[in-house]
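Structure file coords27.txt (compact mmCIF, C-alpha atoms and all ligand atoms) is printed below.
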```txt
# COMPACT_ATOMS: atom_id res chain seq x y z
CA MET A 1 0.00 0.00 0.00
CA ILE A 2 0.95 3.61 -0.45
CA HIS A 3 1.04 5.53 2.81
CA ILE A 4 0.77 9.31 2.66
CA THR A 5 1.60 11.41 5.71
CA LEU A 6 -0.03 14.84 5.64
CA GLY A 7 1.12 17.88 7.58
CA ASP A 8 -1.29 20.45 8.94
CA MET A 9 -3.50 22.33 6.52
CA LYS A 10 -2.00 25.36 4.85
CA SER A 11 -3.16 27.73 2.15
CA VAL A 12 -1.71 27.65 -1.35
CA GLU A 13 -2.36 29.83 -4.37
CA PRO A 14 -4.71 27.91 -6.71
CA GLU A 15 -2.82 29.21 -9.74
CA ASP A 16 0.42 27.79 -8.31
CA ASP A 17 -1.11 24.41 -7.47
CA PHE A 18 -1.34 21.87 -10.26
CA LEU A 19 -4.68 20.58 -8.93
CA GLY A 20 -6.00 24.13 -8.51
CA ARG A 21 -6.41 23.76 -4.74
CA SER A 22 -6.56 26.59 -2.23
CA VAL A 23 -5.50 24.38 0.70
CA ILE A 24 -3.32 21.31 1.16
CA GLY A 25 -2.73 19.17 4.25
CA TRP A 26 -5.05 18.03 6.99
CA SER A 27 -7.27 19.71 9.55
CA PRO A 28 -9.93 18.32 11.90
CA GLY A 29 -13.46 18.25 10.51
CA MET A 30 -12.60 17.90 6.83
CA THR A 31 -15.13 16.00 4.71
CA ASP A 32 -14.00 12.89 2.84
CA ASP A 33 -13.97 14.82 -0.44
CA GLN A 34 -11.94 17.69 1.04
CA LEU A 35 -9.40 15.30 2.49
CA TYR A 36 -9.17 13.34 -0.77
CA GLU A 37 -8.44 16.52 -2.72
CA ALA A 38 -5.99 17.77 -0.12
CA GLY A 39 -4.11 14.48 0.13
CA ARG A 40 -4.05 12.77 -3.28
CA GLY A 41 -1.23 14.88 -4.69
CA CYS A 42 1.06 16.24 -5.80
CA TRP A 43 3.69 13.65 -4.90
CA VAL A 44 6.82 12.07 -6.27
CA LEU A 45 5.45 8.57 -6.92
CA GLY A 46 7.81 5.90 -8.29
CA ALA A 47 7.01 2.85 -10.40
CA ARG A 48 5.91 0.86 -7.36
CA ALA A 49 2.94 3.18 -6.96
CA ASP A 50 1.51 1.93 -10.27
CA ARG A 51 1.28 -1.61 -8.87
CA GLU A 52 -0.38 -0.66 -5.58
CA HIS A 53 -4.11 -1.14 -5.04
CA TYR A 54 -4.71 1.17 -2.07
CA ALA A 55 -3.46 4.39 -0.52
CA LEU A 56 -3.83 5.46 3.11
CA ILE A 57 -3.75 9.08 4.22
CA SER A 58 -2.53 9.73 7.76
CA ALA A 59 -2.19 12.86 9.85
CA HIS A 60 -1.09 13.27 13.47
CA GLY A 61 -0.35 9.54 13.70
CA ILE A 62 -3.88 8.40 12.78
CA VAL A 63 -5.09 6.99 9.45
CA ARG A 64 -7.74 9.45 8.22
CA GLN A 65 -8.70 7.97 4.86
CA ALA A 66 -8.30 4.91 2.63
CA ILE A 67 -8.47 5.18 -1.17
CA ARG A 68 -8.91 2.38 -3.70
CA ILE A 69 -6.53 3.45 -6.47
CA GLU A 70 -7.93 3.60 -10.00
CA GLY A 71 -5.09 5.51 -11.64
CA ILE A 72 -2.20 7.88 -11.09
CA ALA A 73 -2.11 11.02 -13.21
CA PRO A 74 0.66 13.52 -13.98
CA ALA A 75 0.41 16.54 -11.64
CA GLY A 76 3.20 18.98 -12.22
CA PRO A 77 6.88 18.51 -13.04
CA ALA A 78 7.97 15.04 -11.82
CA ARG A 79 4.89 14.80 -9.63
CA ARG A 80 1.73 12.74 -9.80
CA ALA A 81 -1.66 12.55 -8.10
CA ILE A 82 -3.69 9.50 -7.08
CA GLU A 83 -7.14 9.05 -8.62
CA GLY A 84 -9.47 6.64 -6.90
CA THR A 85 -12.48 5.96 -4.73
CA VAL A 86 -12.63 7.00 -1.09
CA LEU A 87 -13.62 3.96 0.98
CA ARG A 88 -16.48 4.12 3.50
CA ALA A 89 -16.98 2.06 6.64
CA GLY A 90 -17.93 -1.56 6.06
CA GLU A 91 -17.47 -1.62 2.27
CA ASP A 92 -13.85 -2.73 2.10
CA PRO A 93 -11.64 -4.61 4.58
CA VAL A 94 -8.89 -2.02 4.08
CA TYR A 95 -11.11 0.67 5.59
CA ASP A 96 -12.00 -1.49 8.56
CA ALA A 97 -8.37 -2.51 9.14
CA PHE A 98 -6.84 0.96 9.08
CA VAL A 99 -9.08 4.03 9.13
CA GLY A 100 -9.27 5.72 12.53
CA LYS A 101 -6.43 3.58 13.85
CA PRO A 102 -2.79 4.42 14.56
CA SER A 103 -0.76 4.91 11.40
CA PRO A 104 1.05 1.70 10.30
CA VAL A 105 4.04 3.84 9.28
CA GLU A 106 5.65 5.95 11.96
CA GLY A 107 8.46 8.41 11.96
CA ALA A 108 8.91 8.40 8.21
CA ARG A 109 10.68 11.50 6.98
CA ASN A 110 9.27 11.15 3.47
CA PRO A 111 5.53 11.85 3.14
CA ILE A 112 5.28 8.87 0.77
CA THR A 113 6.12 5.38 2.03
CA TYR A 114 5.13 1.88 0.94
CA PHE A 115 4.26 -1.06 3.13
CA ASP A 116 2.99 -4.59 2.64
CA SER A 117 -0.36 -5.63 4.04
CA PRO A 118 -2.47 -8.74 3.48
CA HIS A 119 -5.52 -6.46 3.56
CA GLY A 120 -4.36 -4.79 0.38
CA ALA A 121 -4.26 -8.02 -1.69
CA ARG A 122 -6.65 -8.78 -4.54
CA THR A 123 -7.63 -11.99 -6.28
CA CYS A 124 -5.36 -12.80 -9.24
CA ALA A 125 -6.87 -11.46 -12.47
CA CYS A 126 -6.19 -14.74 -14.31
CA GLY A 127 -9.19 -16.22 -12.54
CA CYS A 128 -7.30 -18.44 -10.08
CA ASP A 129 -8.03 -17.92 -6.39
CA ALA A 130 -4.54 -16.73 -5.43
CA ARG A 131 -4.20 -13.41 -3.59
CA VAL A 132 -1.90 -10.81 -5.15
CA ALA A 133 -0.38 -7.96 -3.13
CA LEU A 134 1.11 -5.95 -6.00
CA GLY A 135 -0.15 -5.63 -9.57
CA HIS A 136 -2.95 -7.75 -11.01
CA PHE A 137 -1.38 -11.21 -11.45
CA LEU A 138 0.80 -13.75 -9.67
CA PRO A 139 4.14 -13.99 -11.52
CA GLY A 140 3.55 -15.84 -14.82
CA HIS A 141 -0.24 -15.83 -14.53
CA ASP A 142 -0.49 -12.86 -16.89
CA GLN A 143 1.11 -15.02 -19.60
CA ILE A 144 -1.28 -17.88 -18.88
CA ALA A 145 -4.29 -15.56 -19.06
CA LEU A 146 -3.01 -13.94 -22.26
CA HIS A 147 -2.27 -17.17 -24.10
CA LYS A 148 -5.63 -18.66 -23.19
CA ARG A 149 -7.22 -15.69 -24.96
CA VAL A 150 -4.93 -15.90 -27.96
CA ALA A 151 -5.87 -19.58 -28.29
CA LEU A 152 -9.57 -18.64 -28.35
CA ILE A 153 -8.88 -16.70 -31.57
CA GLY A 154 -6.35 -19.16 -33.04
CA THR A 155 -2.62 -18.84 -33.68
CA VAL A 156 -0.61 -15.75 -32.67
CA TYR A 157 -0.74 -14.66 -36.35
CA GLU A 158 -4.52 -15.02 -36.39
CA PHE A 159 -4.78 -13.21 -33.08
CA ILE A 160 -2.80 -10.21 -34.36
CA ASN A 161 -4.89 -9.99 -37.54
CA TRP A 162 -8.07 -10.21 -35.48
CA PHE A 163 -6.82 -7.50 -33.11
CA ASP A 164 -5.89 -5.10 -35.90
CA GLU A 165 -9.21 -5.67 -37.70
CA THR A 166 -11.15 -5.12 -34.47
CA HIS A 167 -9.17 -2.26 -32.99
CA GLY A 168 -7.64 -0.60 -36.04
CA GLY A 169 -4.03 -1.52 -35.43
CA LEU A 170 -1.43 0.19 -33.29
CA VAL A 171 -0.85 3.94 -33.28
CA TYR A 172 1.13 6.43 -31.20
CA VAL A 173 -0.29 9.16 -28.95
CA THR A 174 0.72 11.38 -26.04
CA ALA A 175 -1.48 12.27 -23.07
CA SER A 176 -1.86 15.88 -24.17
CA GLY A 177 -1.68 15.65 -27.99
CA ASP A 178 -5.01 15.67 -29.88
CA LYS A 179 -3.81 13.45 -32.78
CA TRP A 180 -2.83 9.85 -33.23
CA HIS A 181 0.21 9.01 -35.32
CA LEU A 182 1.36 6.05 -37.36
CA LYS A 183 4.99 7.11 -36.94
CA GLU A 184 6.49 7.18 -33.46
CA ASP A 185 8.96 9.87 -34.58
CA CYS A 186 6.43 12.04 -36.47
CA PRO A 187 7.35 15.74 -36.02
CA GLY A 188 3.67 16.34 -35.11
CA ILE A 189 3.84 14.11 -32.03
CA LYS A 190 6.55 16.24 -30.45
CA ALA A 191 4.12 19.12 -29.91
CA GLY A 192 2.13 16.98 -27.50
CA GLN A 193 5.13 15.75 -25.57
CA ARG A 194 5.75 18.80 -23.46
CA THR A 195 2.91 20.93 -22.12
CA ALA A 196 2.43 22.85 -18.88
CA GLY A 197 5.90 21.85 -17.75
CA ILE A 198 5.13 18.11 -17.96
CA ASP A 199 6.97 15.64 -20.16
CA HIS A 200 4.46 13.24 -21.74
CA LYS A 201 5.76 9.92 -22.98
CA VAL A 202 4.81 8.63 -26.41
CA GLU A 203 2.35 5.78 -25.78
CA GLU A 204 1.44 2.92 -28.09
CA THR A 205 -2.30 2.27 -28.27
CA SER A 206 -4.96 1.08 -30.71
CA ARG A 207 -6.79 3.37 -33.14
CA ALA A 208 -10.03 2.54 -31.35
CA ARG A 209 -8.61 3.59 -27.99
CA ALA A 210 -7.01 6.71 -29.44
CA ALA A 211 -10.39 7.69 -30.96
CA ALA A 212 -12.14 6.98 -27.64
CA ARG A 213 -9.70 9.44 -26.04
CA GLY A 214 -10.79 12.10 -28.53
CA LYS A 215 -7.74 11.92 -30.79
CA SER A 216 -7.99 12.32 -34.57
CA PRO A 217 -5.60 11.15 -37.31
CA CYS A 218 -2.43 13.18 -37.78
CA GLY A 219 -2.51 15.10 -41.06
CA ASN A 220 1.19 14.48 -41.47
CA CYS A 221 1.70 10.74 -40.95
CA ALA A 222 -1.80 9.20 -40.85
CA THR A 223 -4.70 9.10 -43.24
CA GLY A 224 -8.34 8.54 -42.22
CA PRO A 225 -9.30 5.74 -39.82
ZN ZN B 301 -3.63 -16.49 -11.26
ZN ZN B 302 1.96 12.31 -37.18
```

Go through the file and emit its structure as structure tokens.
Amino acid sequence: MIHITLGDMKSVEPEDDFLGRSVIGWSPGMTDDQLYEAGRGCWVLGARADREHYALISAHGIVRQAIRIEGIAPAGPARRAIEGTVLRAGEDPVYDAFVGKPSPVEGARNPITYFDSPHGARTCACGCDARVALGHFLPGHDQIALHKRVALIGTVYEFINWFDETHGGLVYVTASGDKWHLKEDCPGIKAGQRTAGIDHKVEETSRARAAARGKSPCGNCATGP
């Protein structure tokens, strides 16, 4: 799990804050939504964060909130913010195990720490009953799940043809660019790689997914869908 230690509430200028907040940190009497907004960013979150299922927010040595992580979004230079669902009493064992109790991480100097907990495990996404603490699969079970699905279509060659027919083949996008590209090094893609002080990676995706994200074909390297 990700453990976030908040300091006391302080004011910030909304125009200086990547999430547009006027306060960050914790104070007594905050609502769940206020605490979520004050605590979910903007943090330096390493690769491990992408494999975690839950985040806890603590202040003054007590866990104040538990979040089921749905994604982690860029939030300023080298910083990211957690996106997820705030857990309520009785709906998830992680809430019941931690919220309102002493923080499981004490004396950490960094506001972001990671710790292992059996409460944070999920059932393996391959469909077996194993519990997985990080990521979606037990080691190797992602390959098993993938190859079962390939076999439902046929050979790997048949699977790739089916995928490209169904999803329009692979294209390149960035988080901020409004086009999809057939060429990873298209000059047009570079415009979307750096905006608002954030470096966006070039991502490989399908035409269908690029279109669902509101991206249209690049006039330079791509013709119509
Ligand atoms: Zn499995
Ligand atoms: Zn292009």

Report task. May I have the residues within 10 Å of A:Ala89 as an MDAnalysis selection string, using all atoms listed in the file and disregarding those fewer than 4 positions away in the same chain? Result -> chainID A and resid 66 93:96 99

Write to file, as a CSV table (one decimal), keeping the file's coordinate frame, the residues of the selection just made, with C-alpha atoms.
```
chain,number,residue,atom,x,y,z
A,66,ALA,CA,-8.3,4.9,2.6
A,93,PRO,CA,-11.6,-4.6,4.6
A,94,VAL,CA,-8.9,-2.0,4.1
A,95,TYR,CA,-11.1,0.7,5.6
A,96,ASP,CA,-12.0,-1.5,8.6
A,99,VAL,CA,-9.1,4.0,9.1
```

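Of the listed residues A:Ser22, A:Gln65, A:Thr174, A:Thr123, the one whose atoms come nearest to ligand ZN 302 (chain B) is A:Thr174, with distances taken using only C-alpha atoms and all ligand atoms.
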
Show me a table, sorted first by chain and then by increasing residue number, of the residues of chain A having an atom at most 10 Å from ligand ZN 301 (chain B), each with its shortest atom pair and the distance in Å to one decimal, counting all atoms listed in the file and written as a tab-separated table.
```
residue	atom	partner	partner_atom	distance
A:Thr123	CA	B:ZN301	ZN	7.8
A:Cys124	CA	B:ZN301	ZN	4.5
A:Ala125	CA	B:ZN301	ZN	6.1
A:Cys126	CA	B:ZN301	ZN	4.3
A:Gly127	CA	B:ZN301	ZN	5.7
A:Cys128	CA	B:ZN301	ZN	4.3
A:Asp129	CA	B:ZN301	ZN	6.7
A:Ala130	CA	B:ZN301	ZN	5.9
A:Arg131	CA	B:ZN301	ZN	8.3
A:Val132	CA	B:ZN301	ZN	8.5
A:His136	CA	B:ZN301	ZN	8.8
A:Phe137	CA	B:ZN301	ZN	5.7
A:Leu138	CA	B:ZN301	ZN	5.4
A:Pro139	CA	B:ZN301	ZN	8.2
A:Gly140	CA	B:ZN301	ZN	8.0
A:His141	CA	B:ZN301	ZN	4.8
A:Asp142	CA	B:ZN301	ZN	7.4
A:Gln143	CA	B:ZN301	ZN	9.7
A:Ile144	CA	B:ZN301	ZN	8.1
A:Ala145	CA	B:ZN301	ZN	7.9
```

Report task. Have a look at atom CA of A:Cys42 and atom CA of A:Ile2 and let me know their distance in Å, one decimal. Result ->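 Computing it gives 13.7 Å between the two atoms.
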
Determine, using only C-alpha atoms and all ligand atoms, which residues of chain A have any atom at most 8 Å from an atom of ligand ZN 302 (chain B), and tabulate each with its shortest atom pair and distance in Å to one decimal place, rows ordered by chain and then rising number, as a tab-separated table.
```
residue	atom	partner	partner_atom	distance
A:Lys179	CA	B:ZN302	ZN	7.3
A:Trp180	CA	B:ZN302	ZN	6.7
A:His181	CA	B:ZN302	ZN	4.2
A:Leu182	CA	B:ZN302	ZN	6.3
A:Lys183	CA	B:ZN302	ZN	6.0
A:Glu184	CA	B:ZN302	ZN	7.8
A:Asp185	CA	B:ZN302	ZN	7.9
A:Cys186	CA	B:ZN302	ZN	4.5
A:Pro187	CA	B:ZN302	ZN	6.5
A:Gly188	CA	B:ZN302	ZN	4.8
A:Ile189	CA	B:ZN302	ZN	5.8
A:Pro217	CA	B:ZN302	ZN	7.6
A:Cys218	CA	B:ZN302	ZN	4.5
A:Gly219	CA	B:ZN302	ZN	6.5
A:Asn220	CA	B:ZN302	ZN	4.9
A:Cys221	CA	B:ZN302	ZN	4.1
A:Ala222	CA	B:ZN302	ZN	6.1
```

Query raised in the report: Skipping near chain neighbours, those fewer than 3 positions away, what residues fall within 12 Å of A:Gly71 using only C-alpha atoms, listed as a list in words?
Result: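 Using only C-alpha atoms, the neighbours found are Arg40, Leu45, Ala49, Asp50, Arg51, Glu52, His53, Tyr54, Ala55, Ile67, Arg68, Pro74, Arg80, Ala81, Ile82, Glu83, Gly84 and Thr85 of chain A.
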
Query raised in the report: Can you tell me, as a list in words, what residues are no more than 9 Å from A:Gly169 when counting all atoms listed in the file, ignoring any on the same chain fewer than 2 positions away?
Result: Ile160, Asn161, Phe163, Asp164, Glu165, Thr166, His167, Val171, Thr205, Ser206, Arg207 and Ala208 of chain A

Write the residues of the preceding selection, restricted to C-alpha atoms, as a tab-separated table (two decimals), in the frame of the given file.
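What landed in part_15.tsv:
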```tsv
chain	number	residue	atom	x	y	z
A	160	ILE	CA	-2.80	-10.21	-34.36
A	161	ASN	CA	-4.89	-9.99	-37.54
A	163	PHE	CA	-6.82	-7.50	-33.11
A	164	ASP	CA	-5.89	-5.10	-35.90
A	165	GLU	CA	-9.21	-5.67	-37.70
A	166	THR	CA	-11.15	-5.12	-34.47
A	167	HIS	CA	-9.17	-2.26	-32.99
A	171	VAL	CA	-0.85	3.94	-33.28
A	205	THR	CA	-2.30	2.27	-28.27
A	206	SER	CA	-4.96	1.08	-30.71
A	207	ARG	CA	-6.79	3.37	-33.14
A	208	ALA	CA	-10.03	2.54	-31.35
```

Using the file's own x, y and z axes, so that the box edges lie along x, y and z, what centre and edge lengths in Å (one decimal) does a box around every listed atom of stretch 105-114 of chain A get when 3 Å is added on each side? Give it as JSON.
```
{"center_x": 7.4, "center_y": 6.9, "center_z": 6.4, "size_x": 12.6, "size_y": 16.0, "size_z": 17.2}
```

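Of note, atom CA of A:Ser117 and atom CA of A:Ser103 are spaced 12.9 Å apart.
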
With a distance cut-off of 9 Å and all atoms listed in the file, select the neighbouring residues of A:Glu37, excluding the residue or stretch itself and same-chain residues fewer than 5 positions from it, and output the selection as a compact mmCIF listing (two decimals) with C-alpha atoms, keeping the file's coordinate frame.
```txt
# COMPACT_ATOMS: atom_id res chain seq x y z
CA LEU A 19 -4.68 20.58 -8.93
CA ARG A 21 -6.41 23.76 -4.74
CA ILE A 24 -3.32 21.31 1.16
CA ASP A 32 -14.00 12.89 2.84
```

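Counting only C-alpha atoms, the residue from A:Arg209, A:Lys148, A:Thr155, A:Gly214 that sits nearest to A:Ser176 is A:Gly214.
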
Query raised in the report: Of the candidates A:Ile57, A:Ala175, A:Val44, A:Ala212, which shows the shortest atom-to-atom distance to A:Asn110, using all atoms listed in the file?
Result: A:Val44

Query - Spatial neighbours of stretch 4-17 of chain A, 10 Å, only C-alpha atoms, chain gap at least 2 places, as a PyMOL selection string - result: chain A and resi 1-2+19-28+35+38-43+55-65+75-76+103+105-114

Query raised in the report: Do you have the atom CA of A:Tyr172-atom CA of A:Glu204 distance handy?
Result: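 Value for the atom CA of A:Tyr172-atom CA of A:Glu204 distance: 4.7 Å.
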
Selecting C-alpha atoms, how would stretch 103-174 of chain A from this structure be written as a compact mmCIF listing (two decimals), in the first residue's frame?
```txt
# COMPACT_ATOMS: atom_id res chain seq x y z
CA SER A 103 -0.76 4.91 11.40
CA PRO A 104 1.05 1.70 10.30
CA VAL A 105 4.04 3.84 9.28
CA GLU A 106 5.65 5.95 11.96
CA GLY A 107 8.46 8.41 11.96
CA ALA A 108 8.91 8.40 8.21
CA ARG A 109 10.68 11.50 6.98
CA ASN A 110 9.27 11.15 3.47
CA PRO A 111 5.53 11.85 3.14
CA ILE A 112 5.28 8.87 0.77
CA THR A 113 6.12 5.38 2.03
CA TYR A 114 5.13 1.88 0.94
CA PHE A 115 4.26 -1.06 3.13
CA ASP A 116 2.99 -4.59 2.64
CA SER A 117 -0.36 -5.63 4.04
CA PRO A 118 -2.47 -8.74 3.48
CA HIS A 119 -5.52 -6.46 3.56
CA GLY A 120 -4.36 -4.79 0.38
CA ALA A 121 -4.26 -8.02 -1.69
CA ARG A 122 -6.65 -8.78 -4.54
CA THR A 123 -7.63 -11.99 -6.28
CA CYS A 124 -5.36 -12.80 -9.24
CA ALA A 125 -6.87 -11.46 -12.47
CA CYS A 126 -6.19 -14.74 -14.31
CA GLY A 127 -9.19 -16.22 -12.54
CA CYS A 128 -7.30 -18.44 -10.08
CA ASP A 129 -8.03 -17.92 -6.39
CA ALA A 130 -4.54 -16.73 -5.43
CA ARG A 131 -4.20 -13.41 -3.59
CA VAL A 132 -1.90 -10.81 -5.15
CA ALA A 133 -0.38 -7.96 -3.13
CA LEU A 134 1.11 -5.95 -6.00
CA GLY A 135 -0.15 -5.63 -9.57
CA HIS A 136 -2.95 -7.75 -11.01
CA PHE A 137 -1.38 -11.21 -11.45
CA LEU A 138 0.80 -13.75 -9.67
CA PRO A 139 4.14 -13.99 -11.52
CA GLY A 140 3.55 -15.84 -14.82
CA HIS A 141 -0.24 -15.83 -14.53
CA ASP A 142 -0.49 -12.86 -16.89
CA GLN A 143 1.11 -15.02 -19.60
CA ILE A 144 -1.28 -17.88 -18.88
CA ALA A 145 -4.29 -15.56 -19.06
CA LEU A 146 -3.01 -13.94 -22.26
CA HIS A 147 -2.27 -17.17 -24.10
CA LYS A 148 -5.63 -18.66 -23.19
CA ARG A 149 -7.22 -15.69 -24.96
CA VAL A 150 -4.93 -15.90 -27.96
CA ALA A 151 -5.87 -19.58 -28.29
CA LEU A 152 -9.57 -18.64 -28.35
CA ILE A 153 -8.88 -16.70 -31.57
CA GLY A 154 -6.35 -19.16 -33.04
CA THR A 155 -2.62 -18.84 -33.68
CA VAL A 156 -0.61 -15.75 -32.67
CA TYR A 157 -0.74 -14.66 -36.35
CA GLU A 158 -4.52 -15.02 -36.39
CA PHE A 159 -4.78 -13.21 -33.08
CA ILE A 160 -2.80 -10.21 -34.36
CA ASN A 161 -4.89 -9.99 -37.54
CA TRP A 162 -8.07 -10.21 -35.48
CA PHE A 163 -6.82 -7.50 -33.11
CA ASP A 164 -5.89 -5.10 -35.90
CA GLU A 165 -9.21 -5.67 -37.70
CA THR A 166 -11.15 -5.12 -34.47
CA HIS A 167 -9.17 -2.26 -32.99
CA GLY A 168 -7.64 -0.60 -36.04
CA GLY A 169 -4.03 -1.52 -35.43
CA LEU A 170 -1.43 0.19 -33.29
CA VAL A 171 -0.85 3.94 -33.28
CA TYR A 172 1.13 6.43 -31.20
CA VAL A 173 -0.29 9.16 -28.95
CA THR A 174 0.72 11.38 -26.04
```
